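Chemist: Please find one structure pasted underneath; my questions will follow.
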Amino acid sequence: MATTAVRTAAHRAAPRGRRAYGIAPTAILLLGAVYCLLPVSWVLVAATKSKAELFSTTAFAPGTGLLSNLADLAAYRDGVFWLWLGNTFLYAGGGALLSTAVSTISGYALAKYDFRGRNLVFNMLIGGILVPAVVLAVPQYLLMSAVGLADTYWSVLLPQILHPYGIYLARIYATAAVPDALLEAGRIDGAGHWLLLRRVALPLMLPGMVTIFLFQFVAIWNNFLLPFIMLGDDQKFPLTVGLYTLLAAGANQPSLYNLIITGALVSIVPLVALFLTMQRYWRTDLAGGALK
Amino acid sequence: MSTLSTRRTPAPYLFLAPAVLLFGLFLAIPIGYTVYLSLRGTKVSGLGLGKGARQEVFTGLDNYAAAIGDGELWAGWLRVLGYGTLVLVVMLGLALLFALLLDSAHVRLARFSRIAIFLPFAVPGVAATLLWGFLYLPSLSPIRQVLDVDLLGSGTVVLSMANVAVWGGVGFNMLVLYTALRAVPRDYYEAARLDGASEVQIALRIKIPILIPAIILTTVFSIIATVQVFTEPTTLRPLTNTISSTWSPLMKVYRDAFVTGDIYSAAATSIVIAAISLVLSFGFLRVVRDRAFGEG
């Protein structure tokens with residue numbers, strides 16, 4: 001009897017709750033979605049407008065100038081914009097690849113070997129996450145100049161390889177995905193450490209490596225401070241610094257607005273595409289799971 | 001746990017060598033060098049002309065004294081404090097609200113909303129500031145067509161800038177909190193539901209307490225990022241004359257180091273910024289720990 005009473009109460013409570021909130025949760029989330037899509041959809045529309053249309057038509061009315069805007073962007077200072085795009089791919093792609101490699105072998109060693117100083121090394125590497133970029137940027141520039149590397153591709157690429165969060169994730173992936181028994185079996189068969197890493201651990205860690213790659217790719221793609229400080233030659237700029245100089249030059253010249261808007265659109269398209277196609281790799285749960 | 005530990009082997013050291021090398025070159029040495037520089041300065045003898053007239057000398061804590069006594073830097077701290085409080089509260093508040101709503105039972109189009117809200121994560125800070133900057137401009141803005149407020153005025157520019165940071169950060173934080181929620185077994189809530197608890201009660205009494213570690217993590221990272229704010233004000237500057245070249249402390253470091261060429265005071269200021277962000281992060285952790293675990 002008692003159970004039935006509770007059940008009925010619960011059954012009565014649930015629909016009442018549902019009716020009380022109604023579509024409010026859905027509506028709030030959709031409002032959030034609209035807020036987040038607003039600037040992106042605006043730039044998508046604005047990039048299609050010709051110079052005249054940009055200031056005369058309503059904000060979200062599509063225009064007719066997309067192709068001529070793209071042509072103008074391509075022609076801007078002999079195509080420097082495409083160079084920036086290429087540089088960004090080089091920095092983000094190369095940096096993320098190296099970073100994933102370093103994170104993976106470090107995480108694997110920390111997860112699967114017991115050795116003197118393991119905790120010390122781990123805490124030291126992870127502690128790096130707490131060091132604000134500002135303490136590093138200025139001395140990194142001075143040290144790079146001292147060895148003649150300032151204003152080179154290396155000056156932007158090298159400081160972004162070490163990624164504490166990547167090592168942290170890799171250690172969790174290695175612990176979770178590489179069974180000790182498998183390594184043990186390989187060892188009994190006479191496989192060396194390097195072979196075990198390559199043939200046994202790496203294939204199992206691959207999905208985790210993709211996640212690390214993506215996070216680092218986005219972080220480098222979006223970085224502004226480091227290349228802004230390191231580079232003087234605009235032929236080596238990534239998009240972020242290039243866009244900034246474009247804005248700084250064109251903020252007072254409305255005739256350049258089309259160029260800046262189209263540039264902004266082109267600079268977000270690759271990442272948005274990567275983001276939407278790689279949905280299932282954007283996982284933060286393993287990181288969250290380690291908090292327990 | 002480690003089966004490979006039975007033999008003494010240099011393998012783990014070799015595997016860790018690249019990371020440790022990079023740590024030394026790009027973290028330890030630069031940090032040490034910053035500390036060193038912050039204790040030095042130039043001494044000008046005579047008219048300051050000719051070779052040897054400018055000498056690098058040890059100046060003790062002079063640079064720190066100058067940094068702490070610098071009114072411009074303090075004004076920057078105050079601006080960042082206002083801006084940062086606003087960003088942290090609104091961004092993390094919205095992230096928590098969205099994560100709880102996504103996790104609640106009856107939401108339609110949840111997948112669409114989740115992807116849309118996470119999308120700004122893929123937009124670089126410079127591009128985000130630029131897009132919003134144009135949306136704030138009277139000549140282009142669809143917002144200005146509805147709302148007659150100067151969004152880049154001296155009173156409103158902080159709000160406009162905070163909006164850019166909230167927009168860029170809310171999705172990532174929402175995802176971290178949402179994934180933490182998904183990891184909780186569903187039957188936790190079932191018992192509460194049977195007892196007649198409403199969804200709001202479940203959210204407040206069960207879900208938020210479970211989320212505390214994830215909320216702490218996102219708060220600490222947001223504090224560290226906010227104290228160093230640089231990209232947004234720097235990018236917005238060309239569009240308005242209400243942002244000075246020393247608007248945030250990090251902008252002052254940049255100006256000292258690369259415009260006025262005083263790397264010593266730039267080094268001291270960076271150390272002060274780092275110290276303040278560490279104090280804030282650890283202070284926050286302490287307060288939370290005392291409140292969460294000190295009462296029992």
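For the structure tokens, the naming scheme is as follows: chains receive sequential letters (A, B, ...) according to their order of presentation, residues are indexed from 1 within each chain, and ligands are indexed from 1 in presentation order.
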Quick check for you: according to DSSP on this backbone, which residues of region 16-124 of chain A are classed as alpha helix (DSSP H)? Reply as a PyMOL selection string.
Modeler: chain A and resi 16-21+24-46+51-56+66-75+80-89+95-112+118-124
Chemist: Using only C-alpha atoms, find each residue in region 86-157 of chain B having at least one atom no more than 12 Å away from region 256-262 of chain A; report its shortest atom-to-atom pair and that distance in Å (one decimal), rows by chain then rising number, as CSV.
Modeler:
residue,atom,partner,partner_atom,distance
B:Val126,CA,A:Ile260,CA,11.7
B:Ala127,CA,A:Ile261,CA,9.3
B:Ala128,CA,A:Ile261,CA,11.3
B:Thr129,CA,A:Ile261,CA,11.9
B:Leu130,CA,A:Ile261,CA,8.4
B:Leu131,CA,A:Ile261,CA,7.7
B:Trp132,CA,A:Ile261,CA,11.2
B:Gly133,CA,A:Ile261,CA,10.9
B:Phe134,CA,A:Ile261,CA,8.7
B:Leu135,CA,A:Ile261,CA,11.1
B:Leu137,CA,A:Tyr257,CA,11.4
B:Ser139,CA,A:Tyr257,CA,11.1
B:Leu140,CA,A:Tyr257,CA,10.0
Chemist: Nearest to Ile208 (chain B) among B:Leu181, B:Val288, B:Ile223, B:Ala275, with distances taken over only C-alpha atoms: which residue is it?
Modeler: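 Closest residue, counting only C-alpha atoms: B:Leu181.
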Chemist: Excluding same-chain residues fewer than 4 positions from Ile115 (chain B), what lies within 9 Å of it counting only C-alpha atoms, as a list in words?
Modeler: Ala33, Leu276 and Gln279 of chain A; Ala110, Arg111, Leu119 and Gly171 of chain B
Chemist: Would you give me, as JSON lines, each residue of region 14-64 of chain B having an atom within 12 Å of an atom of region 89-101 of chain A, along with its shortest atom pair and that distance in Å to one decimal, using only C-alpha atoms and sorting by chain and residue number?
Modeler:
{"residue": "B:Phe15", "atom": "CA", "partner": "A:Ala101", "partner_atom": "CA", "distance": 10.5}
{"residue": "B:Leu16", "atom": "CA", "partner": "A:Ala101", "partner_atom": "CA", "distance": 11.2}
{"residue": "B:Pro18", "atom": "CA", "partner": "A:Ala101", "partner_atom": "CA", "distance": 9.7}
{"residue": "B:Ala19", "atom": "CA", "partner": "A:Ser99", "partner_atom": "CA", "distance": 9.3}
{"residue": "B:Leu22", "atom": "CA", "partner": "A:Ser99", "partner_atom": "CA", "distance": 10.6}
Chemist: Determine, counting only C-alpha atoms, which protein, DNA and RNA residues have an atom within 9 Å of an atom of region 146-157 of chain A; residues of the same chain fewer than 3 positions away are not included. Present the result as a list in words.
Modeler: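 My reading of the contact set: Asn87, Leu90, Tyr91, Ala92, Gly94, Gly95, Gln140, Tyr141, Leu142, Leu143, Gln160, Ile161, Ile220, Leu226, Pro227, Ile229, Met230, Leu231, Gly232, Asp233 and Lys236 of chain A.
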Chemist: Can you list, as a PyMOL selection string, every protein, DNA or RNA residue that comes within 12 Å of region 78-83 of chain A when you count only C-alpha atoms, leaving out same-chain residues fewer than 6 positions away?
Modeler: chain A and resi 70-72+89-90+233-243+245-246+259-260+262-264+266-267
Chemist: Would you write out those residues with C-alpha atoms, as a tab-separated table (two decimals), in the first residue's frame?
Modeler:
chain	number	residue	atom	x	y	z
A	70	LEU	CA	37.08	37.01	-52.40
A	71	ALA	CA	38.89	38.32	-55.48
A	72	ASP	CA	39.77	41.52	-53.61
A	89	PHE	CA	48.09	25.58	-41.33
A	90	LEU	CA	51.84	25.08	-40.97
A	233	ASP	CA	57.95	40.08	-40.98
A	234	ASP	CA	54.35	39.95	-42.20
A	235	GLN	CA	55.22	37.17	-44.68
A	236	LYS	CA	55.40	34.80	-41.69
A	237	PHE	CA	52.23	35.95	-39.91
A	238	PRO	CA	49.47	33.53	-39.03
A	239	LEU	CA	45.88	34.62	-39.73
A	240	THR	CA	45.24	36.00	-36.25
A	241	VAL	CA	48.10	38.50	-36.46
A	242	GLY	CA	47.36	39.20	-40.14
A	243	LEU	CA	43.70	39.94	-39.40
A	245	THR	CA	47.04	44.25	-38.84
A	246	LEU	CA	44.27	44.37	-41.45
A	259	LEU	CA	38.08	43.00	-47.08
A	260	ILE	CA	38.28	42.59	-43.28
A	262	THR	CA	35.72	38.46	-45.88
A	263	GLY	CA	39.10	37.79	-44.25
A	264	ALA	CA	37.40	37.03	-40.94
A	266	VAL	CA	37.86	32.78	-44.47
A	267	SER	CA	39.81	32.50	-41.22
Chemist: Could you list, as a PDB file with N, CA, C and O atoms, in the first residue's frame, every residue within 7 Å of Gly60 (chain B), counting only C-alpha atoms and ignoring same-chain residues fewer than 2 positions away?
Modeler:
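Once everything was written out, this is around-v6.pdb:
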ATOM      1  N   LEU B  39      65.097  41.893 -11.732  1.00  0.00           N
ATOM      2  CA  LEU B  39      65.943  42.442 -10.668  1.00  0.00           C
ATOM      3  C   LEU B  39      67.024  43.366 -11.224  1.00  0.00           C
ATOM      4  O   LEU B  39      67.923  43.786 -10.505  1.00  0.00           O
ATOM      5  N   ARG B  40      66.948  43.648 -12.513  1.00  0.00           N
ATOM      6  CA  ARG B  40      67.992  44.460 -13.120  1.00  0.00           C
ATOM      7  C   ARG B  40      67.422  45.706 -13.795  1.00  0.00           C
ATOM      8  O   ARG B  40      66.211  45.853 -13.927  1.00  0.00           O
ATOM      9  N   PHE B  58      72.436  45.587 -11.402  1.00  0.00           N
ATOM     10  CA  PHE B  58      71.504  44.945 -10.485  1.00  0.00           C
ATOM     11  C   PHE B  58      70.776  46.032  -9.717  1.00  0.00           C
ATOM     12  O   PHE B  58      71.390  46.930  -9.152  1.00  0.00           O
ATOM     13  N   ASP B  62      63.805  47.342  -7.059  1.00  0.00           N
ATOM     14  CA  ASP B  62      63.330  48.638  -7.561  1.00  0.00           C
ATOM     15  C   ASP B  62      62.201  48.507  -8.571  1.00  0.00           C
ATOM     16  O   ASP B  62      61.213  49.241  -8.527  1.00  0.00           O
TER      17      ASP B  62
END
Chemist: For each of A:Leu66, A:Leu37, A:Leu183, A:Ile23, take the minimum atom-to-atom distance to Phe118 (chain B), counting only C-alpha atoms, then give the residue where this is smallest.
Modeler: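 Among A:Leu66, A:Leu37, A:Leu183, A:Ile23, it is A:Leu37 that comes nearest to Phe118 (chain B).
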Chemist: Report, in Å with one decimal, the straight-line distance from CA of Leu175 (chain B) to CA of Ser277 (chain B).
Modeler: 24.2 Å
Chemist: If we count only C-alpha atoms, what is near region 111-123 of chain A at a cut-off of 12 Å, once residues fewer than 5 positions away on the same chain are taken out, given as a ChimeraX atom specification?
Modeler: /A:103-106,128-130,164-165,167-184,193,196-197,201 /B:1-17,19-21,23-24
Chemist: For CA of Leu271 (chain A) and CA of Met91 (chain B), quote the distance in Å rounded to one decimal.
Modeler: 22.4 Å
Chemist: Can you tell me, as a PyMOL selection string, which residues in region 47-278 of chain B count as strand (DSSP E or B) by DSSP?
Modeler: chain B and resi 54-58
